[in-house]
Number of protein chains: 2
Amino acid sequence: MVSMKDVAKECGVSVATVSKALNDYSDVGEEKRREIKETARRMGYMPNLSARALKTKRTYNLGILFVDEAQSGLTHDYFSSIIESFKVTAEAKGYDITFVNCSMPRHGRSYYEHCRYRGLEGIVIACIDFYTPQTQELIRSDLPVVTIDYVFDGRTSVASDNVRGMRELMEYICGLGHRKIAYIHGMDSSTTRDRLTSFYRVLSDYGIEPPEEYVRQAAYRDTEETERLSGELLDLPDPPTCIMCPDDFSALGCIRAAQARGLRIPEDISVVGYDGITLAQVLEPRLTTVHQDTRTIGRRAAEELISLVENPRTTFAEKILVPGELVQGASVKKII
Amino acid sequence: MVSMKDVAKECGVSVATVSKALNDYSDVGEEKRREIKETARRMGYMPNLSARALKTKRTYNLGILFVDEAQSGLTHDYFSSIIESFKVTAEAKGYDITFVNCSMPRHGRSYYEHCRYRGLEGIVIACIDFYTPQTQELIRSDLPVVTIDYVFDGRTSVASDNVRGMRELMEYICGLGHRKIAYIHGMDSSTTRDRLTSFYRVLSDYGIEPPEEYVRQAAYRDTEETERLSGELLDLPDPPTCIMCPDDFSALGCIRAAQARGLRIPEDISVVGYDGITLAQVLEPRLTTVHQDTRTIGRRAAEELISLVENPRTTFAEKILVPGELVQGASVKKII
DNA sequence: GTCATGTACGAAAACGTTTTAGTTAGTGTC
DNA sequence: GACACTAACTAAAACGTTTTCGTACATGAC
């Protein structure tokens, strides 16, 4: 690898001058600067990031902590899209992205320690159990951190506005005349709680009190469980007219349960999801859902994190809520 | 940050001794070694990767080049699973994974240059247009490289055995009595060519010559195009009894086309996909497909790449074929 | 006592940058 | 011609490691 020393020798100047020329310092002559830059290019000079980082303490490397409880990891449309958007934004600003190694207990390093070791300048945390000691250590650490869909005091978070999204979805459904609405909600999390809040609030606005058996719990993206619970709901003496699923993917389970009973969607039973992933648009009938703005979530997370990294003093923790968008598919029937 | 110097001072020894103790060199006393390690732990010492890399030229950082033509990036089940598996394997071996920044033309650095700059020790290339100058430069470079689903002379590649997978799928379908089989294949690539090869070969084994209009081309994962083409196939005067789709996801388009015409699957028309993603198992009816062993592909890619990195001399380029598995869903009807 | 051998440690160079604190030469002022 | 000032450059230290080559001392052989 050709280093500054080589360029310096070739140009007959000192290493310091090369460094300054390349970094556009003011105290180097216009002509020399051009010559040095040209020679560096011609010789295929590449700055050595390790050496630079050693001096400047800057790596331009951001970490992303991301574990899927279901081992499916990246195979999670919602989070994958967020990460993709985060990646694009960060890369455009000159940062690289590396995964925070999560299978490191072997080497006896915690998440936080590993981040420090790897020289990550900031971390975005998504799709993870926020309550493990490892994660908490990281969140409470001195590293810049942005959390996705999880609010921690004093930390910047970017979250989908589930309260508003669910409200719009519910008002749409109620507006179409539905009164018997079942909700198979996901496992407890702030996301789930927000959605439940709007679920109950809108029902209450409409003067509806849902029977206890209309509200069930399933793991997110678990089609089998949602299929089973949907079946139970459909088999009720007084079944709902609309079933809300934890997310778009698990809605497939609900659809199966309906099909197994010879019920048509939406004529016999209305089904809605949440997320607005591509799948929702290509099902027949198109699934009514709330599209979460993953692009904005990822982008904002990157912007905030980089701002935190570059201006540690002047940047304050913010709670950013990103609105979603109601997607009126064809899976909810209008009741008179 | 506490450095070796601090530990050395605390222990009253030299920096050299600390380094040796920590790295388990033989020429440091048993007792001192223990004391130094203990002190380092107590003081919260973290090795500085930049400094180490500067000396050793080792970063323990692997790159992953991954661009989805459709901007969907990580939202691609097949490749996402491979990456996930790659990540897990590499991390277990002490390596970190960083994305090769693809939006770098701004800074005027090619993929290869950026890899060097970032100090990536090896690159896995997946899901990308292999024929761009940038990619070719990287493949032909001096960096250890493993390609996924693409064979380049002198380079290690890991690929799904599409020839075998397609053969098994075709033999299964023909075995069920189908003779009029249409194939909407993906865009030209080695993957597509392998599958087409087996498609024609098995048909020929069965003495079948498919009419020209039974073989169409669509982009992978493009449900709309597959829906349109499926429609055309179904509207043919002599329609096929089975339609093979580019992949599981695009099969949704085929299913829509069938539903739109009031056709039932598999009673009126058989449909098959390829990939074996989760979606295939939760559709009703379950989709017949070939499950590609993404776990093995990712794991093998990581193993090979690391071997290439650690033993540049003794490791030779290999072409690894990973067999898939026929998934007998319920979307193909038995014809008498 | 001399010599070889081995063990435990340290000094110092090196890796490739950045940056501080000069140094030199040129320019203009009076 | 002395002086201050600036522009353009350099020397050298520093960042935190690793590693080579010592050195010092002890041990044992003769």
# chains A, B, ... in the order shown; residues from 1 in each chain; ligands from 1

$ residues_around --residues "stretch 7-9 of chain C" --least-positions-apart "6" --cutoff "10 Å" --atoms "only C-alpha atoms (C1' of nucleotides)" --output "list in words"
Val13, Ser14, Ala16, Thr17, Ser26, Asp27, Val28, Gly29 and Lys32 of chain B; DT23, DA24, DC25 and DA26 of chain D

$ closest_atom_pairs --of "chain A" --to "chain B" --cutoff "8 Å" --atoms "only C-alpha atoms" --output "Markdown table"
| residue | atom | partner | partner_atom | distance |
| --- | --- | --- | --- | --- |
| A:Met46 | CA | B:Tyr117 | CA | 6.3 |
| A:Pro47 | CA | B:Tyr117 | CA | 6.5 |
| A:Asn48 | CA | B:Tyr117 | CA | 6.3 |
| A:Leu49 | CA | B:Tyr117 | CA | 6.3 |
| A:Ser50 | CA | B:Ser50 | CA | 4.5 |
| A:Ala51 | CA | B:Leu54 | CA | 6.0 |
| A:Ala53 | CA | B:Ser50 | CA | 6.3 |
| A:Leu54 | CA | B:Ser50 | CA | 5.7 |
| A:Ser72 | CA | B:Ser81 | CA | 7.3 |
| A:Gly73 | CA | B:Glu84 | CA | 6.2 |
| A:Leu74 | CA | B:Ser80 | CA | 5.5 |
| A:Thr75 | CA | B:Asp77 | CA | 5.7 |
| A:His76 | CA | B:Thr75 | CA | 7.6 |
| A:Asp77 | CA | B:Thr75 | CA | 5.7 |
| A:Ser80 | CA | B:Leu74 | CA | 5.6 |
| A:Ser81 | CA | B:Thr75 | CA | 6.2 |
| A:Ile83 | CA | B:Leu74 | CA | 7.9 |
| A:Glu84 | CA | B:Leu74 | CA | 6.2 |
| A:Val88 | CA | B:Ser103 | CA | 7.2 |
| A:Glu91 | CA | B:Asn101 | CA | 6.1 |
| A:Ala92 | CA | B:Ser103 | CA | 6.0 |
| A:Gly94 | CA | B:Met104 | CA | 7.7 |
| A:Asp96 | CA | B:Asn101 | CA | 6.3 |
| A:Ile97 | CA | B:Thr98 | CA | 5.6 |
| A:Thr98 | CA | B:Thr98 | CA | 4.0 |
| A:Phe99 | CA | B:Ile97 | CA | 5.8 |
| A:Val100 | CA | B:Asp96 | CA | 7.5 |
| A:Asn101 | CA | B:Glu91 | CA | 6.1 |
| A:Cys102 | CA | B:Glu91 | CA | 7.7 |
| A:Ser103 | CA | B:Ala92 | CA | 6.0 |
| A:Met104 | CA | B:Ala92 | CA | 7.0 |
| A:Arg106 | CA | B:Ala92 | CA | 7.7 |
| A:His107 | CA | B:Gly94 | CA | 8.0 |
| A:Glu113 | CA | B:Met46 | CA | 7.7 |
| A:Arg116 | CA | B:Met46 | CA | 7.7 |
| A:Tyr117 | CA | B:Leu49 | CA | 6.3 |
| A:Arg118 | CA | B:Leu49 | CA | 6.4 |
| A:Gly119 | CA | B:Leu49 | CA | 7.4 |
| A:Thr223 | CA | B:Val282 | CA | 7.1 |
| A:Leu252 | CA | B:Val282 | CA | 6.7 |
| A:Gly253 | CA | B:Val282 | CA | 7.0 |
| A:Arg256 | CA | B:Glu284 | CA | 6.1 |
| A:Gln259 | CA | B:Glu284 | CA | 8.0 |
| A:Val282 | CA | B:Leu252 | CA | 6.6 |
| A:Leu283 | CA | B:Leu252 | CA | 7.0 |
| A:Glu284 | CA | B:Arg256 | CA | 6.1 |

$ residues_around --residues "B:Arg42" --least-positions-apart "6" --cutoff "12 Å" --atoms "only C-alpha atoms (C1' of nucleotides)" --output "list in words"
Val2, Asp6, Val7, Glu10, Cys11, Glu35 and Ile36 of chain B

$ atom_distance --atom1 "atom C1' of D:DT20" --atom2 "atom C1' of C:DA12"
9.3 Å

$ select_by_dssp --residues "stretch 4-188 of chain A" --states "strand (DSSP E or B)" --output "count of residues only"
29

$ interface_residues --of "chain C" --to "chain A" --cutoff "12 Å" --atoms "only C-alpha atoms (C1' of nucleotides)" --output "JSON, numbers by chain"
{"C": [15, 16, 17, 18, 19, 20]}

$ write_last_selection --atoms "C-alpha atoms (C1' of nucleotides)" --output "PDB file, in the first residue's frame"
ATOM      1  C1'  DC C  15       2.875   1.203  11.680  1.00  0.00           C
ATOM      2  C1'  DG C  16       0.566   5.878   8.881  1.00  0.00           C
ATOM      3  C1'  DT C  17      -1.503   9.556  10.104  1.00  0.00           C
ATOM      4  C1'  DT C  18      -2.469  14.556  12.274  1.00  0.00           C
ATOM      5  C1'  DT C  19      -1.065  18.628  14.338  1.00  0.00           C
ATOM      6  C1'  DT C  20       1.763  21.834  16.953  1.00  0.00           C
TER       7       DT C  20
END

$ closest_atom_pairs --of "chain D" --to "chain B" --cutoff "9 Å" --atoms "only C-alpha atoms (C1' of nucleotides)" --output "tab-separated table"
residue	atom	partner	partner_atom	distance
D:DC15	C1'	B:Ala51	CA	7.9
D:DG16	C1'	B:Ala51	CA	5.0
D:DT17	C1'	B:Ala51	CA	4.9
D:DT18	C1'	B:Lys55	CA	6.1
D:DT19	C1'	B:Ala16	CA	8.9

$ select_by_dssp --residues "stretch 86-244 of chain B" --states "helix (DSSP H, G or I)" --output "ChimeraX atom specification"
/B:86-92,105-107,111-118,133-139,162-175,190-205,212-214,223-234

$ atom_distance --atom1 "atom CA of A:Thr147" --atom2 "atom CA of A:Val163"
18.0 Å

$ residues_around --residues "C:DT23" --least-positions-apart "6" --cutoff "12 Å" --atoms "only C-alpha atoms (C1' of nucleotides)" --output "VMD selection string"
chain D and resid 8 to 11

$ residues_around --residues "stretch 239-246 of chain A" --least-positions-apart "4" --cutoff "8 Å" --atoms "only C-alpha atoms (C1' of nucleotides)" --output "compact mmCIF listing (two decimals) with N, CA and C atoms, in the first residue's frame"
# COMPACT_ATOMS: atom_id res chain seq x y z
N HIS A 178 -68.59 -1.28 11.17
CA HIS A 178 -68.27 -2.41 12.04
C HIS A 178 -68.44 -2.04 13.51
N ARG A 179 -69.01 -2.95 14.25
CA ARG A 179 -69.17 -2.74 15.69
C ARG A 179 -68.59 -3.91 16.47
N LYS A 180 -68.52 -5.03 15.82
CA LYS A 180 -67.96 -6.22 16.49
C LYS A 180 -66.55 -6.46 15.94
N ILE A 181 -65.60 -5.82 16.60
CA ILE A 181 -64.22 -5.86 16.12
C ILE A 181 -63.33 -6.60 17.11
N ALA A 182 -62.67 -7.62 16.61
CA ALA A 182 -61.74 -8.37 17.46
C ALA A 182 -60.32 -7.92 17.18
N TYR A 183 -59.50 -8.00 18.20
CA TYR A 183 -58.10 -7.58 18.01
C TYR A 183 -57.15 -8.64 18.56
N ILE A 184 -56.46 -9.27 17.66
CA ILE A 184 -55.36 -10.15 18.08
C ILE A 184 -54.12 -9.28 18.10
N HIS A 185 -53.74 -8.86 19.30
CA HIS A 185 -52.60 -7.94 19.36
C HIS A 185 -51.30 -8.68 19.63
N GLY A 186 -50.20 -8.00 19.40
CA GLY A 186 -48.89 -8.62 19.59
C GLY A 186 -48.50 -8.69 21.05
N TYR A 214 -62.89 -11.00 22.61
CA TYR A 214 -62.51 -10.42 21.31
C TYR A 214 -61.07 -9.94 21.29
N ALA A 218 -51.04 -12.68 20.51
CA ALA A 218 -50.21 -13.63 19.76
C ALA A 218 -48.86 -12.99 19.52
N ALA A 219 -47.89 -13.81 19.24
CA ALA A 219 -46.58 -13.27 18.89
C ALA A 219 -46.70 -12.60 17.53
N TYR A 220 -45.92 -11.55 17.33
CA TYR A 220 -45.90 -10.92 16.01
C TYR A 220 -45.40 -11.92 14.98
N ARG A 221 -45.95 -11.82 13.79
CA ARG A 221 -45.49 -12.62 12.65
C ARG A 221 -45.63 -14.12 12.84
N THR A 226 -51.88 -16.95 15.08
CA THR A 226 -52.97 -16.08 14.64
C THR A 226 -54.05 -16.90 13.93
N SER A 230 -57.70 -16.88 15.37
CA SER A 230 -58.73 -16.44 14.44
C SER A 230 -59.84 -17.48 14.35
N LEU A 233 -62.04 -17.22 17.26
CA LEU A 233 -62.92 -16.05 17.15
C LEU A 233 -64.07 -16.33 16.20
N LEU A 234 -63.75 -16.97 15.09
CA LEU A 234 -64.78 -17.24 14.08
C LEU A 234 -65.79 -18.27 14.58
N ASP A 235 -65.32 -19.12 15.48
CA ASP A 235 -66.21 -20.18 15.99
C ASP A 235 -67.05 -19.71 17.17
N SER A 250 -48.88 -12.02 9.80
CA SER A 250 -49.69 -12.95 10.58
C SER A 250 -51.13 -12.97 10.08
N ALA A 251 -51.52 -11.90 9.36
CA ALA A 251 -52.87 -11.87 8.80
C ALA A 251 -53.10 -13.07 7.87
N CYS A 254 -54.88 -15.60 9.70
CA CYS A 254 -56.30 -15.29 9.81
C CYS A 254 -57.02 -15.68 8.52
N ASP A 268 -67.71 -12.32 4.13
CA ASP A 268 -68.15 -12.99 5.36
C ASP A 268 -67.40 -12.54 6.60
N ILE A 269 -66.14 -12.14 6.39
CA ILE A 269 -65.36 -11.67 7.53
C ILE A 269 -64.31 -10.66 7.03
N SER A 270 -64.21 -9.56 7.73
CA SER A 270 -63.21 -8.56 7.37
C SER A 270 -61.92 -8.83 8.12
N VAL A 271 -60.81 -8.56 7.45
CA VAL A 271 -59.49 -8.82 8.05
C VAL A 271 -58.61 -7.59 7.83
N VAL A 272 -57.91 -7.19 8.86
CA VAL A 272 -56.93 -6.11 8.66
C VAL A 272 -55.60 -6.49 9.28
N GLY A 273 -54.55 -5.92 8.76
CA GLY A 273 -53.20 -6.17 9.27
C GLY A 273 -52.60 -4.89 9.83
N TYR A 274 -51.29 -4.84 9.84
CA TYR A 274 -50.57 -3.64 10.26
C TYR A 274 -49.16 -3.77 9.72
N VAL A 332 -61.84 -5.13 4.02
CA VAL A 332 -62.85 -4.75 5.01
C VAL A 332 -64.15 -4.39 4.28

$ residues_around --residues "A:Leu321" --least-positions-apart "3" --cutoff "8 Å" --atoms "only C-alpha atoms (C1' of nucleotides)" --output "number ranges by chain"
A: 158-161

$ write_last_selection --atoms "N, CA and C atoms" --output "mmCIF file, in the first residue's frame"
data_model
loop_
_atom_site.group_PDB
_atom_site.id
_atom_site.type_symbol
_atom_site.label_atom_id
_atom_site.label_comp_id
_atom_site.auth_asym_id
_atom_site.auth_seq_id
_atom_site.Cartn_x
_atom_site.Cartn_y
_atom_site.Cartn_z
ATOM 1 N N VAL A 158 -36.743 7.176 17.654
ATOM 2 C CA VAL A 158 -37.573 7.377 16.476
ATOM 3 C C VAL A 158 -38.576 6.238 16.475
ATOM 4 N N ALA A 159 -39.832 6.587 16.431
ATOM 5 C CA ALA A 159 -40.839 5.536 16.515
ATOM 6 C C ALA A 159 -41.980 5.805 15.562
ATOM 7 N N SER A 160 -42.589 4.744 15.148
ATOM 8 C CA SER A 160 -43.793 4.853 14.345
ATOM 9 C C SER A 160 -44.918 5.327 15.257
ATOM 10 N N ASP A 161 -45.732 6.225 14.750
ATOM 11 C CA ASP A 161 -46.823 6.752 15.571
ATOM 12 C C ASP A 161 -47.976 5.762 15.599
#

$ residues_around --residues "D:DC3" --least-positions-apart "6" --cutoff "12 Å" --atoms "only C-alpha atoms (C1' of nucleotides)" --output "PyMOL selection string"
chain C and resi 28-30

$ write_last_selection --atoms "N, CA and C atoms (P, O5', C5', C4', C3', O3' and C1' of nucleotides)" --output "PDB file, in the first residue's frame"
ATOM      1  P    DG C  28       5.143  43.609  -2.144  1.00  0.00           P
ATOM      2  O5'  DG C  28       4.973  44.614  -0.913  1.00  0.00           O
ATOM      3  C5'  DG C  28       3.958  44.367   0.053  1.00  0.00           C
ATOM      4  C4'  DG C  28       4.274  45.139   1.304  1.00  0.00           C
ATOM      5  C3'  DG C  28       4.489  46.646   1.087  1.00  0.00           C
ATOM      6  O3'  DG C  28       3.574  47.347   1.927  1.00  0.00           O
ATOM      7  C1'  DG C  28       6.204  45.731   2.441  1.00  0.00           C
ATOM      8  P    DT C  29       3.515  48.935   1.901  1.00  0.00           P
ATOM      9  O5'  DT C  29       4.201  49.374   3.255  1.00  0.00           O
ATOM     10  C5'  DT C  29       4.160  48.496   4.394  1.00  0.00           C
ATOM     11  C4'  DT C  29       4.683  49.245   5.597  1.00  0.00           C
ATOM     12  C3'  DT C  29       4.802  50.760   5.427  1.00  0.00           C
ATOM     13  O3'  DT C  29       4.426  51.403   6.629  1.00  0.00           O
ATOM     14  C1'  DT C  29       6.971  49.837   5.824  1.00  0.00           C
ATOM     15  P    DC C  30       4.081  52.925   6.657  1.00  0.00           P
ATOM     16  O5'  DC C  30       5.379  53.612   7.234  1.00  0.00           O
ATOM     17  C5'  DC C  30       5.798  53.323   8.579  1.00  0.00           C
ATOM     18  C4'  DC C  30       7.256  53.651   8.739  1.00  0.00           C
ATOM     19  C3'  DC C  30       7.653  55.033   8.226  1.00  0.00           C
ATOM     20  O3'  DC C  30       7.686  55.949   9.318  1.00  0.00           O
ATOM     21  C1'  DC C  30       9.302  53.358   7.725  1.00  0.00           C
TER      22       DC C  30
END

$ atom_distance --atom1 "atom CA of A:Gly231" --atom2 "atom CA of A:Asp205"
28.2 Å

$ decode --residues "stretch 57-138 of chain B" --atoms "C-alpha atoms" --output "mmCIF file, in the first residue's frame"
data_model
loop_
_atom_site.group_PDB
_atom_site.id
_atom_site.type_symbol
_atom_site.label_atom_id
_atom_site.label_comp_id
_atom_site.auth_asym_id
_atom_site.auth_seq_id
_atom_site.Cartn_x
_atom_site.Cartn_y
_atom_site.Cartn_z
ATOM 1 C CA LYS B 57 -2.716 -5.052 9.311
ATOM 2 C CA ARG B 58 -5.565 -7.090 10.639
ATOM 3 C CA THR B 59 -9.011 -5.635 11.254
ATOM 4 C CA TYR B 60 -11.165 -8.720 11.672
ATOM 5 C CA ASN B 61 -13.737 -6.979 9.599
ATOM 6 C CA LEU B 62 -15.483 -8.522 6.619
ATOM 7 C CA GLY B 63 -17.443 -6.653 4.007
ATOM 8 C CA ILE B 64 -20.661 -7.558 2.421
ATOM 9 C CA LEU B 65 -21.576 -6.126 -0.919
ATOM 10 C CA PHE B 66 -25.239 -6.328 -1.437
ATOM 11 C CA VAL B 67 -27.457 -4.220 -3.609
ATOM 12 C CA ASP B 68 -30.945 -5.014 -4.581
ATOM 13 C CA GLU B 69 -31.753 -3.857 -8.035
ATOM 14 C CA ALA B 70 -35.254 -3.067 -6.845
ATOM 15 C CA GLN B 71 -34.093 -0.749 -4.060
ATOM 16 C CA SER B 72 -35.689 -3.169 -1.667
ATOM 17 C CA GLY B 73 -32.232 -3.991 -0.424
ATOM 18 C CA LEU B 74 -32.505 -6.057 2.661
ATOM 19 C CA THR B 75 -36.144 -6.785 2.051
ATOM 20 C CA HIS B 76 -35.289 -9.828 0.071
ATOM 21 C CA ASP B 77 -35.987 -13.015 1.951
ATOM 22 C CA TYR B 78 -33.589 -15.260 0.104
ATOM 23 C CA PHE B 79 -30.571 -12.987 0.351
ATOM 24 C CA SER B 80 -31.485 -11.673 3.768
ATOM 25 C CA SER B 81 -31.404 -15.189 5.145
ATOM 26 C CA ILE B 82 -28.072 -15.857 3.546
ATOM 27 C CA ILE B 83 -26.647 -12.707 5.023
ATOM 28 C CA GLU B 84 -28.061 -13.516 8.405
ATOM 29 C CA SER B 85 -26.420 -16.918 8.337
ATOM 30 C CA PHE B 86 -23.181 -15.443 7.058
ATOM 31 C CA LYS B 87 -23.243 -12.920 9.856
ATOM 32 C CA VAL B 88 -23.828 -15.460 12.571
ATOM 33 C CA THR B 89 -21.034 -17.713 11.357
ATOM 34 C CA ALA B 90 -18.526 -14.916 10.886
ATOM 35 C CA GLU B 91 -19.329 -13.346 14.233
ATOM 36 C CA ALA B 92 -18.842 -16.627 16.001
ATOM 37 C CA LYS B 93 -15.356 -16.710 14.529
ATOM 38 C CA GLY B 94 -14.559 -13.270 15.851
ATOM 39 C CA TYR B 95 -15.213 -11.193 12.776
ATOM 40 C CA ASP B 96 -17.471 -8.213 12.395
ATOM 41 C CA ILE B 97 -19.525 -7.454 9.336
ATOM 42 C CA THR B 98 -19.802 -4.148 7.631
ATOM 43 C CA PHE B 99 -21.694 -3.202 4.550
ATOM 44 C CA VAL B 100 -19.681 -2.085 1.602
ATOM 45 C CA ASN B 101 -20.862 1.418 1.065
ATOM 46 C CA CYS B 102 -22.505 1.519 -2.324
ATOM 47 C CA SER B 103 -23.533 5.124 -2.417
ATOM 48 C CA MET B 104 -19.980 6.299 -2.467
ATOM 49 C CA PRO B 105 -19.562 7.743 -5.927
ATOM 50 C CA ARG B 106 -20.065 11.040 -4.149
ATOM 51 C CA HIS B 107 -16.700 10.621 -2.578
ATOM 52 C CA GLY B 108 -15.307 9.291 -5.793
ATOM 53 C CA ARG B 109 -14.245 5.951 -4.451
ATOM 54 C CA SER B 110 -14.960 2.679 -6.138
ATOM 55 C CA TYR B 111 -16.194 -0.376 -4.256
ATOM 56 C CA TYR B 112 -12.703 -1.777 -4.225
ATOM 57 C CA GLU B 113 -11.120 1.422 -3.058
ATOM 58 C CA HIS B 114 -13.664 1.776 -0.344
ATOM 59 C CA CYS B 115 -13.015 -1.758 0.859
ATOM 60 C CA ARG B 116 -9.327 -1.029 1.088
ATOM 61 C CA TYR B 117 -9.979 2.252 2.770
ATOM 62 C CA ARG B 118 -12.204 0.675 5.352
ATOM 63 C CA GLY B 119 -9.721 -2.112 5.869
ATOM 64 C CA LEU B 120 -12.072 -4.935 5.036
ATOM 65 C CA GLU B 121 -10.194 -8.199 4.956
ATOM 66 C CA GLY B 122 -12.548 -10.063 2.691
ATOM 67 C CA ILE B 123 -15.756 -9.473 0.826
ATOM 68 C CA VAL B 124 -18.806 -11.542 0.155
ATOM 69 C CA ILE B 125 -20.737 -10.449 -2.886
ATOM 70 C CA ALA B 126 -24.387 -11.255 -3.205
ATOM 71 C CA CYS B 127 -27.478 -10.108 -4.933
ATOM 72 C CA ILE B 128 -25.864 -7.659 -7.221
ATOM 73 C CA ASP B 129 -25.298 -6.922 -10.835
ATOM 74 C CA PHE B 130 -21.986 -8.694 -11.260
ATOM 75 C CA TYR B 131 -21.305 -7.071 -14.577
ATOM 76 C CA THR B 132 -20.791 -3.474 -13.558
ATOM 77 C CA PRO B 133 -17.194 -2.221 -13.825
ATOM 78 C CA GLN B 134 -17.165 -1.535 -10.105
ATOM 79 C CA THR B 135 -18.080 -5.088 -9.233
ATOM 80 C CA GLN B 136 -15.712 -6.564 -11.757
ATOM 81 C CA GLU B 137 -12.864 -4.493 -10.379
ATOM 82 C CA LEU B 138 -13.591 -5.909 -6.950
#
